[in-house]
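K.L.:
Next comes the structure file data.csv, holding CSV, C-alpha atoms and all ligand atoms.
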```
chain,number,residue,atom,x,y,z
A,248,MET,CA,0.7,-0.5,-2.4
A,249,ARG,CA,-2.9,-1.4,-1.3
A,250,ILE,CA,-4.0,-1.0,2.3
A,251,LEU,CA,-7.3,-2.2,3.6
A,252,ILE,CA,-9.1,0.2,5.9
A,253,VAL,CA,-12.0,-1.3,7.9
A,254,GLU,CA,-13.9,1.5,9.6
A,255,ASP,CA,-17.6,2.2,9.9
A,256,GLU,CA,-17.5,5.8,10.9
A,257,ALA,CA,-17.4,7.7,7.6
A,258,LEU,CA,-15.5,10.7,8.9
A,259,ILE,CA,-12.7,8.7,10.4
A,260,ALA,CA,-12.6,6.4,7.3
A,261,ASP,CA,-12.4,9.4,5.0
A,262,SER,CA,-9.5,11.0,7.0
A,263,ILE,CA,-7.6,7.7,7.1
A,264,GLN,CA,-8.1,7.3,3.4
A,265,LEU,CA,-6.9,10.8,2.6
A,266,GLY,CA,-3.9,10.5,4.9
A,267,LEU,CA,-2.8,7.2,3.3
A,268,GLU,CA,-3.3,8.6,-0.2
A,269,GLU,CA,-1.1,11.5,0.7
A,270,ALA,CA,1.5,9.1,2.0
A,271,GLY,CA,1.6,7.3,-1.4
A,272,PHE,CA,-0.5,4.3,-0.5
A,273,VAL,CA,-3.6,3.0,-2.3
A,274,PRO,CA,-6.2,2.6,0.5
A,275,GLU,CA,-9.5,0.7,0.1
A,276,VAL,CA,-12.3,1.3,2.6
A,277,VAL,CA,-14.8,-1.2,3.7
A,278,SER,CA,-17.3,-0.4,6.5
A,279,ASP,CA,-18.5,-3.7,7.9
A,280,GLY,CA,-16.8,-6.8,9.3
A,281,GLU,CA,-18.2,-9.4,7.0
A,282,THR,CA,-17.0,-7.5,3.9
A,283,ALA,CA,-13.7,-7.0,5.6
A,284,TRP,CA,-13.3,-10.7,6.3
A,285,PHE,CA,-14.1,-11.6,2.7
A,286,GLN,CA,-11.9,-8.8,1.1
A,287,GLY,CA,-8.9,-9.5,3.3
A,288,GLY,CA,-9.1,-13.2,2.5
A,289,THR,CA,-9.5,-12.9,-1.2
A,290,GLU,CA,-7.5,-9.8,-2.2
A,291,ASP,CA,-3.9,-8.8,-1.8
A,292,TYR,CA,-3.1,-6.0,0.7
A,293,LEU,CA,0.2,-4.9,2.2
A,294,ALA,CA,-1.5,-4.2,5.5
A,295,ALA,CA,-4.8,-3.5,7.2
A,296,VAL,CA,-6.1,-0.9,9.5
A,297,LEU,CA,-8.9,-2.5,11.5
A,298,ASP,CA,-11.5,-0.9,13.8
A,299,ILE,CA,-12.9,-3.1,16.5
A,300,GLY,CA,-16.5,-1.9,16.8
A,301,LEU,CA,-18.0,-2.8,13.4
A,302,PRO,CA,-21.4,-3.8,12.1
A,303,LYS,CA,-22.2,-7.4,11.1
A,304,LEU,CA,-18.9,-8.9,12.5
A,305,ASP,CA,-16.7,-7.2,15.1
A,306,GLY,CA,-13.0,-6.4,14.3
A,307,LEU,CA,-11.6,-9.0,16.7
A,308,SER,CA,-13.6,-11.8,15.0
A,309,VAL,CA,-12.5,-10.6,11.6
A,310,LEU,CA,-8.9,-10.7,12.7
A,311,ARG,CA,-9.3,-14.2,14.3
A,312,ASN,CA,-10.9,-15.5,11.1
A,313,TRP,CA,-8.1,-14.0,9.0
A,314,ARG,CA,-5.4,-15.6,11.1
A,315,LYS,CA,-7.2,-18.9,11.1
A,316,GLU,CA,-7.2,-18.8,7.3
A,317,LYS,CA,-3.5,-17.9,7.2
A,318,VAL,CA,-4.2,-14.3,6.1
A,319,ASN,CA,-0.9,-12.9,7.4
A,320,MET,CA,-0.8,-9.3,6.4
A,321,PRO,CA,0.2,-6.9,9.2
A,322,VAL,CA,-2.8,-5.5,11.0
A,323,ILE,CA,-3.1,-2.3,13.1
A,324,LEU,CA,-6.1,-2.3,15.4
A,325,LEU,CA,-8.0,0.9,16.2
A,326,THR,CA,-9.2,0.7,19.8
A,327,ALA,CA,-11.3,2.9,22.1
A,328,LYS,CA,-9.5,5.1,24.6
A,329,GLY,CA,-8.7,3.4,27.9
A,330,SER,CA,-9.9,0.0,26.9
A,331,TRP,CA,-6.8,-2.0,27.8
A,332,SER,CA,-8.7,-5.3,27.6
A,333,GLU,CA,-9.5,-4.7,23.9
A,334,ARG,CA,-5.8,-4.2,23.3
A,335,VAL,CA,-4.9,-7.5,25.1
A,336,ASP,CA,-7.6,-9.3,23.2
A,337,GLY,CA,-6.4,-7.7,20.0
A,338,ILE,CA,-2.8,-8.9,20.5
A,339,ASP,CA,-4.1,-12.4,21.4
A,340,ALA,CA,-6.2,-12.4,18.2
A,341,GLY,CA,-3.1,-11.7,16.1
A,342,ALA,CA,-2.8,-7.9,15.8
A,343,ASP,CA,0.7,-6.5,15.1
A,344,ASP,CA,0.0,-3.1,16.6
A,345,TYR,CA,-2.8,-0.9,17.8
A,346,LEU,CA,-3.6,2.8,17.9
A,347,VAL,CA,-5.9,4.4,20.4
A,348,LYS,CA,-8.6,6.7,19.0
A,349,PRO,CA,-8.3,9.6,18.4
A,350,PHE,CA,-4.9,9.5,16.8
A,351,HIS,CA,-2.8,11.6,14.5
A,352,MET,CA,-2.5,10.5,10.9
A,353,GLU,CA,1.2,10.9,11.0
A,354,GLU,CA,1.4,8.3,13.7
A,355,LEU,CA,-0.7,5.8,11.8
A,356,VAL,CA,1.5,6.3,8.7
A,357,ALA,CA,4.7,5.9,10.7
A,358,ARG,CA,3.4,2.8,12.4
A,359,LEU,CA,2.2,1.3,9.1
A,360,ARG,CA,5.7,1.8,7.6
A,361,ALA,CA,7.4,0.3,10.6
A,362,LEU,CA,5.1,-2.7,10.4
A,363,MET,CA,5.8,-3.2,6.7
A,364,ARG,CA,9.5,-2.9,7.4
A,365,ARG,CA,9.3,-5.6,10.0
A,366,SER,CA,7.3,-7.9,7.8
A,367,GLY,CA,9.9,-7.4,5.0
A,368,VAL,CA,7.5,-5.7,2.6
A,369,ASP,CA,9.2,-2.3,3.0
A,370,ARG,CA,12.7,-2.8,4.3
A,371,SER,CA,13.9,0.7,3.8
A,372,PRO,CA,12.3,4.1,3.1
A,373,ILE,CA,14.9,4.6,0.4
A,374,LEU,CA,14.5,2.4,-2.7
A,375,GLU,CA,17.2,2.3,-5.4
A,376,ALA,CA,17.8,0.8,-8.9
A,377,LYS,CA,20.0,1.8,-11.8
A,378,GLY,CA,20.6,5.4,-10.6
A,379,LEU,CA,17.0,5.9,-9.6
A,380,ILE,CA,16.6,6.8,-6.0
A,381,MET,CA,13.1,7.0,-4.4
A,382,ASP,CA,12.7,8.4,-0.9
A,383,THR,CA,9.2,7.1,0.2
A,384,ARG,CA,9.1,9.3,3.3
A,385,ARG,CA,9.8,12.6,1.6
A,386,MET,CA,8.0,11.5,-1.6
A,387,LYS,CA,11.1,12.4,-3.7
A,388,VAL,CA,12.5,10.8,-6.8
A,389,SER,CA,15.9,11.4,-8.4
A,390,VAL,CA,17.9,9.9,-11.3
A,391,ASN,CA,21.7,10.1,-11.2
A,392,GLY,CA,21.4,12.8,-8.6
A,393,ALA,CA,18.9,15.0,-10.6
A,394,VAL,CA,15.5,15.5,-8.9
A,395,ILE,CA,12.6,14.4,-11.1
A,396,LYS,CA,9.1,15.8,-10.5
A,397,VAL,CA,6.5,13.1,-10.6
A,398,THR,CA,2.7,13.1,-10.0
A,399,PRO,CA,1.3,11.0,-7.1
A,400,LEU,CA,0.1,8.4,-9.6
A,401,GLU,CA,3.6,8.2,-11.2
A,402,PHE,CA,5.0,7.9,-7.7
A,403,ARG,CA,2.8,5.0,-6.9
A,404,LEU,CA,3.7,3.2,-10.1
A,405,LEU,CA,7.5,3.6,-9.5
A,406,ASN,CA,7.0,2.6,-5.9
A,407,TYR,CA,5.2,-0.6,-6.9
A,408,LEU,CA,7.7,-1.6,-9.6
A,409,LEU,CA,10.7,-0.9,-7.2
A,410,HIS,CA,9.1,-3.0,-4.5
A,411,ASN,CA,8.8,-5.8,-7.0
A,412,ARG,CA,12.3,-5.3,-8.5
A,413,GLY,CA,13.4,-8.2,-10.7
A,414,ARG,CA,9.9,-9.4,-11.4
A,415,VAL,CA,7.7,-8.7,-14.4
A,416,VAL,CA,4.5,-7.0,-13.3
A,417,SER,CA,1.4,-7.1,-15.6
A,418,GLN,CA,-0.5,-4.0,-16.6
A,419,GLU,CA,-3.5,-5.4,-14.7
A,420,GLU,CA,-1.6,-5.9,-11.5
A,421,LEU,CA,-0.1,-2.5,-11.8
A,422,ALA,CA,-3.6,-0.9,-12.3
A,423,THR,CA,-5.0,-2.7,-9.3
A,424,ASN,CA,-2.2,-1.5,-7.1
A,425,ILE,CA,-1.9,2.2,-8.2
A,426,TYR,CA,-5.4,3.4,-8.9
A,427,TYR,CA,-7.8,4.2,-6.1
A,428,GLN,CA,-10.9,2.0,-5.8
A,429,ASP,CA,-13.3,4.6,-7.3
A,430,GLN,CA,-11.0,5.2,-10.3
A,431,GLU,CA,-11.7,3.0,-13.4
A,432,PRO,CA,-8.6,3.4,-15.6
A,433,ASP,CA,-8.9,3.1,-19.5
A,434,SER,CA,-7.5,-0.1,-21.0
A,435,ASN,CA,-4.3,1.7,-22.2
A,436,ALA,CA,-4.0,4.0,-19.2
A,437,VAL,CA,-1.0,2.1,-17.7
A,438,GLU,CA,0.8,2.1,-21.0
A,439,VAL,CA,0.4,5.9,-21.4
A,440,LEU,CA,1.5,6.4,-17.8
A,441,VAL,CA,4.6,4.3,-18.2
A,442,GLY,CA,5.4,6.1,-21.4
A,443,ARG,CA,5.2,9.5,-19.7
A,444,LEU,CA,7.3,8.4,-16.8
A,445,ARG,CA,10.0,7.0,-19.1
A,446,ARG,CA,10.3,10.3,-20.8
A,447,LYS,CA,10.7,12.0,-17.4
A,448,LEU,CA,13.3,9.5,-16.2
A,449,LYS,CA,15.2,9.8,-19.5
A,450,GLU,CA,16.9,6.4,-18.7
A,451,ASN,CA,16.1,2.9,-19.6
A,452,ILE,CA,14.9,2.1,-16.1
A,453,ILE,CA,11.5,0.7,-16.7
A,454,GLU,CA,11.7,-2.2,-19.2
A,455,THR,CA,8.9,-3.7,-21.2
A,456,ARG,CA,8.3,-7.4,-21.7
A,457,ARG,CA,5.9,-7.5,-24.6
A,458,GLY,CA,2.7,-9.3,-23.7
A,459,PHE,CA,3.7,-9.7,-20.1
A,460,GLY,CA,4.2,-6.3,-18.5
A,461,TYR,CA,6.9,-4.1,-17.0
A,462,LEU,CA,10.0,-4.6,-15.0
A,463,ILE,CA,12.6,-2.7,-13.1
A,464,ASP,CA,15.5,-5.2,-13.2
A,465,GLU,CA,18.2,-5.6,-10.6
A,466,GLU,CA,20.9,-5.8,-13.2
A,467,PRO,CA,22.1,-2.7,-15.0
A,468,ALA,CA,20.2,-2.0,-18.2
A,469,VAL,CA,21.9,-2.7,-21.5
A,470,SER,CA,21.8,0.6,-23.4
A,471,GLN,CA,20.2,0.4,-26.7
B,501,CA,CA,-16.5,1.6,14.9
```
What is this structure when it is put down as structure tokens?
P.N.:
Amino acid sequence: MRILIVEDEALIADSIQLGLEEAGFVPEVVSDGETAWFQGGTEDYLAAVLDIGLPKLDGLSVLRNWRKEKVNMPVILLTAKGSWSERVDGIDAGADDYLVKPFHMEELVARLRALMRRSGVDRSPILEAKGLIMDTRRMKVSVNGAVIKVTPLEFRLLNYLLHNRGRVVSQEELATNIYYQDQEPDSNAVEVLVGRLRRKLKENIIETRRGFGYLIDEEPAVSQ
């Protein structure tokens, strides 16, 4: 659940990063337009939060470049107060939404979720499979009605697998999408994490495909 944050003011970038982490996302911060253009075009993100005033290349140019290159992730622009022309230019350049600075983190999170629902990435805040229910707004997990306590990392792992239901996800892909950018997980970290989560869930919800990765299937699990 990676989100790209493009913001050159460290204080604002830090607070967005923290707010998105608390909401269960995996944010990555870059602080200039050229890096943003490159990262957005070469890596996979669910969405981007893009400031307009940036060093090296301004946010609107970054956005135009992305759209020209068919980088279609939802983008929320951060605009200066009262600058209606920035907002018009932003929508023209391909922005999906904008927020006027200063804003409340709750609003940014709510709008990000709404955007992802619209783009089909996150249709519902409630995800379900095989008796597992995950409420991504309240950050709650339950199995067959019993509430399961999970750590933020375990939550991100479940969230990612549920969003990719029916598809085998490699350890590498999981690691990229659940660890924060400054965390370098050990080679067997994902395996250990999945093992711990399986014991908590007490059901055969997360399946292993040896040599390929992990899967939460859409069909009921065959009990072994
Ligand atoms: Ca700025």
K.L.:
Mind listing whatever residues come within 12 Å of the point (-3.7, -1.4, -7.9)? Use all atoms listed in the file, file coordinates, and give them as a count of residues only.
P.N.:
35
K.L.:
Between A:Ser262, A:Ser330, A:Asn411, A:Thr282, which has the minimum distance to Ile453 of chain A (counting all atoms listed in the file)?
P.N.:
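Closest to Ile453 of chain A of all the choices is A:Asn411.
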K.L.:
Ligand CA 501 (chain B): which residues are within 6 Å, counting all atoms listed in the file? Reply as a list in words.
P.N.:
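Based on all atoms listed in the file, ligand CA 501 (chain B) is surrounded within 6 Å by Glu254, Asp255, Glu256, Asp298, Gly300 and Leu301 of chain A.
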K.L.:
Choose the residue, out of A:Asp343, A:Glu281, A:Glu333, A:Asp433, that has the smallest atom-to-atom separation from Leu359 of chain A; count only C-alpha atoms.
P.N.:
A:Asp343
K.L.:
Pick out the closest residue to Lys396 of chain A from this set: A:Arg443, A:Arg457, A:Arg412, A:Lys303. Count only C-alpha atoms.
P.N.:
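Selected residue with least distance to Lys396 of chain A: A:Arg443.
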K.L.:
May I ask for the distance between atom CA of Val397 of chain A and atom CA of Glu465 of chain A, given in Å to one decimal place?
P.N.:
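Taking atom CA of Val397 of chain A as the start and atom CA of Glu465 of chain A as the end point, the length is 22.1 Å.
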K.L.:
What separation in Å, quoted to one decimal, exists between atom CA of Thr455 of chain A and atom CA of Glu375 of chain A?
P.N.:
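Calculated distance between atom CA of Thr455 of chain A and atom CA of Glu375 of chain A is 18.8 Å.
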K.L.:
Would you mind telling me which residue in A:Glu316, A:Leu355, A:Ser308, A:Asn451 lies nearest to Ala340 of chain A when using all atoms listed in the file?
P.N.:
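Among the listed residues, the smallest separation from Ala340 of chain A belongs to A:Ser308.
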K.L.:
Taking 2 positions as the minimum chain separation for residues in the same chain, which residues sit within 12 Å of Asp336 of chain A when counting all atoms listed in the file? Answer as a list in words.
P.N.:
Ile299, Gly306, Leu307, Ser308, Leu310, Arg311, Leu324, Thr326, Ser330, Trp331, Ser332, Glu333, Arg334, Ile338, Asp339, Ala340, Gly341, Ala342, Asp343, Asp344 and Tyr345 of chain A
K.L.:
Just the residues within 9 Å of segment 287-289 of chain A, please, counting all atoms listed in the file, with nothing from its chain fewer than 3 positions along; format it as a ChimeraX atom specification.
P.N.:
/A:251,282-284,292,295,313,316-318,320
K.L.:
Would you please work out which residue, of A:Ala257, A:Leu440, A:Val276, A:Leu374, is nearest to Thr398 of chain A when using all atoms listed in the file?
P.N.:
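Residue with the minimum atom-to-atom distance to Thr398 of chain A: A:Leu440.
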K.L.:
Could you give me, as a PDB file with C-alpha atoms, keeping the file's coordinate frame, the residues that sit within 12 Å of (12.1, 13.0, -5.3) in the file's coordinates, counting all atoms listed in the file?
P.N.:
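The resulting file, result.pdb, is reproduced below:
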```
ATOM      1  CA  ILE A 373      14.900   4.600   0.400  1.00  0.00           C
ATOM      2  CA  LEU A 374      14.500   2.400  -2.700  1.00  0.00           C
ATOM      3  CA  GLU A 375      17.200   2.300  -5.400  1.00  0.00           C
ATOM      4  CA  LEU A 379      17.000   5.900  -9.600  1.00  0.00           C
ATOM      5  CA  ILE A 380      16.600   6.800  -6.000  1.00  0.00           C
ATOM      6  CA  MET A 381      13.100   7.000  -4.400  1.00  0.00           C
ATOM      7  CA  ASP A 382      12.700   8.400  -0.900  1.00  0.00           C
ATOM      8  CA  THR A 383       9.200   7.100   0.200  1.00  0.00           C
ATOM      9  CA  ARG A 384       9.100   9.300   3.300  1.00  0.00           C
ATOM     10  CA  ARG A 385       9.800  12.600   1.600  1.00  0.00           C
ATOM     11  CA  MET A 386       8.000  11.500  -1.600  1.00  0.00           C
ATOM     12  CA  LYS A 387      11.100  12.400  -3.700  1.00  0.00           C
ATOM     13  CA  VAL A 388      12.500  10.800  -6.800  1.00  0.00           C
ATOM     14  CA  SER A 389      15.900  11.400  -8.400  1.00  0.00           C
ATOM     15  CA  VAL A 390      17.900   9.900 -11.300  1.00  0.00           C
ATOM     16  CA  ASN A 391      21.700  10.100 -11.200  1.00  0.00           C
ATOM     17  CA  GLY A 392      21.400  12.800  -8.600  1.00  0.00           C
ATOM     18  CA  ALA A 393      18.900  15.000 -10.600  1.00  0.00           C
ATOM     19  CA  VAL A 394      15.500  15.500  -8.900  1.00  0.00           C
ATOM     20  CA  ILE A 395      12.600  14.400 -11.100  1.00  0.00           C
ATOM     21  CA  LYS A 396       9.100  15.800 -10.500  1.00  0.00           C
ATOM     22  CA  VAL A 397       6.500  13.100 -10.600  1.00  0.00           C
ATOM     23  CA  THR A 398       2.700  13.100 -10.000  1.00  0.00           C
ATOM     24  CA  PRO A 399       1.300  11.000  -7.100  1.00  0.00           C
ATOM     25  CA  GLU A 401       3.600   8.200 -11.200  1.00  0.00           C
ATOM     26  CA  PHE A 402       5.000   7.900  -7.700  1.00  0.00           C
ATOM     27  CA  LEU A 405       7.500   3.600  -9.500  1.00  0.00           C
ATOM     28  CA  ASN A 406       7.000   2.600  -5.900  1.00  0.00           C
ATOM     29  CA  LEU A 448      13.300   9.500 -16.200  1.00  0.00           C
TER      30      LEU A 448
END
```
K.L.:
One number please: atom CA of Ala270 of chain A to atom CA of Lys449 of chain A, in Å, one decimal.
P.N.:
25.5 Å
K.L.:
Neighbours of segment 350-353 of chain A within 9 Å (all atoms listed in the file; same-chain residues fewer than 3 positions away dropped), as a list in words?
P.N.:
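In the requested format, the answer is Ser262, Ile263, Gly266, Leu267, Leu346, Val347, Val356, Ala357 and Arg358 of chain A.
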K.L.:
Suppose we keep C-alpha atoms; can you now write the selection as a CSV table (one decimal), in the coordinates of the input?
P.N.:
```csv
chain,number,residue,atom,x,y,z
A,262,SER,CA,-9.5,11.0,7.0
A,263,ILE,CA,-7.6,7.7,7.1
A,266,GLY,CA,-3.9,10.5,4.9
A,267,LEU,CA,-2.8,7.2,3.3
A,346,LEU,CA,-3.6,2.8,17.9
A,347,VAL,CA,-5.9,4.4,20.4
A,356,VAL,CA,1.5,6.3,8.7
A,357,ALA,CA,4.7,5.9,10.7
A,358,ARG,CA,3.4,2.8,12.4
```
K.L.:
Reconstruct all heavy atoms of segment 328-339 of chain A from the incomplete input and present them as an mmCIF file, in the frame of the given file.
P.N.:
```cif
data_model
loop_
_atom_site.group_PDB
_atom_site.id
_atom_site.type_symbol
_atom_site.label_atom_id
_atom_site.label_comp_id
_atom_site.auth_asym_id
_atom_site.auth_seq_id
_atom_site.Cartn_x
_atom_site.Cartn_y
_atom_site.Cartn_z
ATOM 1 N N LYS A 328 -10.402 4.542 23.551
ATOM 2 C CA LYS A 328 -9.500 5.100 24.600
ATOM 3 C C LYS A 328 -9.734 4.336 25.908
ATOM 4 O O LYS A 328 -10.854 4.081 26.330
ATOM 5 C CB LYS A 328 -9.851 6.571 24.774
ATOM 6 C CG LYS A 328 -8.772 7.314 25.513
ATOM 7 C CD LYS A 328 -9.142 8.779 25.620
ATOM 8 C CE LYS A 328 -8.139 9.480 26.536
ATOM 9 N NZ LYS A 328 -8.582 10.831 26.861
ATOM 10 N N GLY A 329 -8.641 3.993 26.549
ATOM 11 C CA GLY A 329 -8.700 3.400 27.900
ATOM 12 C C GLY A 329 -9.110 1.974 27.959
ATOM 13 O O GLY A 329 -9.178 1.405 29.035
ATOM 14 N N SER A 330 -9.396 1.365 26.802
ATOM 15 C CA SER A 330 -9.900 0.000 26.900
ATOM 16 C C SER A 330 -8.678 -0.979 26.760
ATOM 17 O O SER A 330 -8.395 -1.518 25.705
ATOM 18 C CB SER A 330 -10.872 -0.278 25.758
ATOM 19 O OG SER A 330 -11.293 -1.609 25.822
ATOM 20 N N TRP A 331 -8.009 -1.197 27.891
ATOM 21 C CA TRP A 331 -6.800 -2.000 27.800
ATOM 22 C C TRP A 331 -7.164 -3.485 27.500
ATOM 23 O O TRP A 331 -6.397 -4.201 26.871
ATOM 24 C CB TRP A 331 -6.017 -1.978 29.137
ATOM 25 C CG TRP A 331 -6.764 -2.516 30.334
ATOM 26 C CD1 TRP A 331 -7.531 -1.782 31.185
ATOM 27 C CD2 TRP A 331 -6.835 -3.865 30.775
ATOM 28 N NE1 TRP A 331 -8.090 -2.594 32.134
ATOM 29 C CE2 TRP A 331 -7.670 -3.878 31.909
ATOM 30 C CE3 TRP A 331 -6.285 -5.071 30.333
ATOM 31 C CZ2 TRP A 331 -7.971 -5.064 32.603
ATOM 32 C CZ3 TRP A 331 -6.589 -6.244 31.021
ATOM 33 C CH2 TRP A 331 -7.413 -6.230 32.148
ATOM 34 N N SER A 332 -8.388 -3.942 27.891
ATOM 35 C CA SER A 332 -8.700 -5.300 27.600
ATOM 36 C C SER A 332 -8.888 -5.568 26.110
ATOM 37 O O SER A 332 -8.545 -6.637 25.604
ATOM 38 C CB SER A 332 -10.037 -5.715 28.342
ATOM 39 O OG SER A 332 -11.088 -4.884 27.922
ATOM 40 N N GLU A 333 -9.375 -4.545 25.388
ATOM 41 C CA GLU A 333 -9.500 -4.700 23.900
ATOM 42 C C GLU A 333 -8.082 -4.856 23.328
ATOM 43 O O GLU A 333 -7.906 -5.617 22.379
ATOM 44 C CB GLU A 333 -10.045 -3.364 23.327
ATOM 45 C CG GLU A 333 -11.533 -3.365 23.173
ATOM 46 C CD GLU A 333 -12.024 -2.130 22.417
ATOM 47 O OE1 GLU A 333 -11.231 -1.307 21.935
ATOM 48 O OE2 GLU A 333 -13.246 -2.001 22.323
ATOM 49 N N ARG A 334 -7.109 -4.131 23.885
ATOM 50 C CA ARG A 334 -5.800 -4.200 23.300
ATOM 51 C C ARG A 334 -5.165 -5.610 23.584
ATOM 52 O O ARG A 334 -4.538 -6.196 22.710
ATOM 53 C CB ARG A 334 -4.867 -3.133 23.919
ATOM 54 C CG ARG A 334 -5.374 -1.747 23.582
ATOM 55 C CD ARG A 334 -4.296 -0.721 23.724
ATOM 56 N NE ARG A 334 -4.009 -0.359 25.098
ATOM 57 C CZ ARG A 334 -4.691 0.567 25.788
ATOM 58 N NH1 ARG A 334 -5.718 1.186 25.239
ATOM 59 N NH2 ARG A 334 -4.355 0.849 27.015
ATOM 60 N N VAL A 335 -5.379 -6.118 24.794
ATOM 61 C CA VAL A 335 -4.900 -7.500 25.100
ATOM 62 C C VAL A 335 -5.544 -8.493 24.206
ATOM 63 O O VAL A 335 -4.895 -9.338 23.593
ATOM 64 C CB VAL A 335 -5.141 -7.800 26.601
ATOM 65 C CG1 VAL A 335 -4.795 -9.263 26.886
ATOM 66 C CG2 VAL A 335 -4.318 -6.887 27.502
ATOM 67 N N ASP A 336 -6.885 -8.395 24.093
ATOM 68 C CA ASP A 336 -7.600 -9.300 23.200
ATOM 69 C C ASP A 336 -7.104 -9.205 21.779
ATOM 70 O O ASP A 336 -7.024 -10.193 21.051
ATOM 71 C CB ASP A 336 -9.115 -9.032 23.244
ATOM 72 C CG ASP A 336 -9.734 -9.388 24.587
ATOM 73 O OD1 ASP A 336 -9.069 -10.086 25.382
ATOM 74 O OD2 ASP A 336 -10.874 -8.944 24.855
ATOM 75 N N GLY A 337 -6.809 -7.972 21.382
ATOM 76 C CA GLY A 337 -6.400 -7.700 20.000
ATOM 77 C C GLY A 337 -5.024 -8.392 19.724
ATOM 78 O O GLY A 337 -4.852 -9.034 18.686
ATOM 79 N N ILE A 338 -4.085 -8.249 20.653
ATOM 80 C CA ILE A 338 -2.800 -8.900 20.500
ATOM 81 C C ILE A 338 -2.954 -10.410 20.440
ATOM 82 O O ILE A 338 -2.380 -11.109 19.612
ATOM 83 C CB ILE A 338 -1.783 -8.466 21.590
ATOM 84 C CG1 ILE A 338 -1.604 -6.940 21.638
ATOM 85 C CG2 ILE A 338 -0.441 -9.175 21.413
ATOM 86 C CD1 ILE A 338 -0.990 -6.294 20.425
ATOM 87 N N ASP A 339 -3.800 -10.901 21.352
ATOM 88 C CA ASP A 339 -4.100 -12.400 21.400
ATOM 89 C C ASP A 339 -4.678 -12.823 20.048
ATOM 90 O O ASP A 339 -4.423 -13.935 19.598
ATOM 91 C CB ASP A 339 -5.089 -12.686 22.489
ATOM 92 C CG ASP A 339 -4.389 -12.840 23.825
ATOM 93 O OD1 ASP A 339 -3.140 -12.934 23.832
ATOM 94 O OD2 ASP A 339 -5.078 -12.866 24.857
#
```
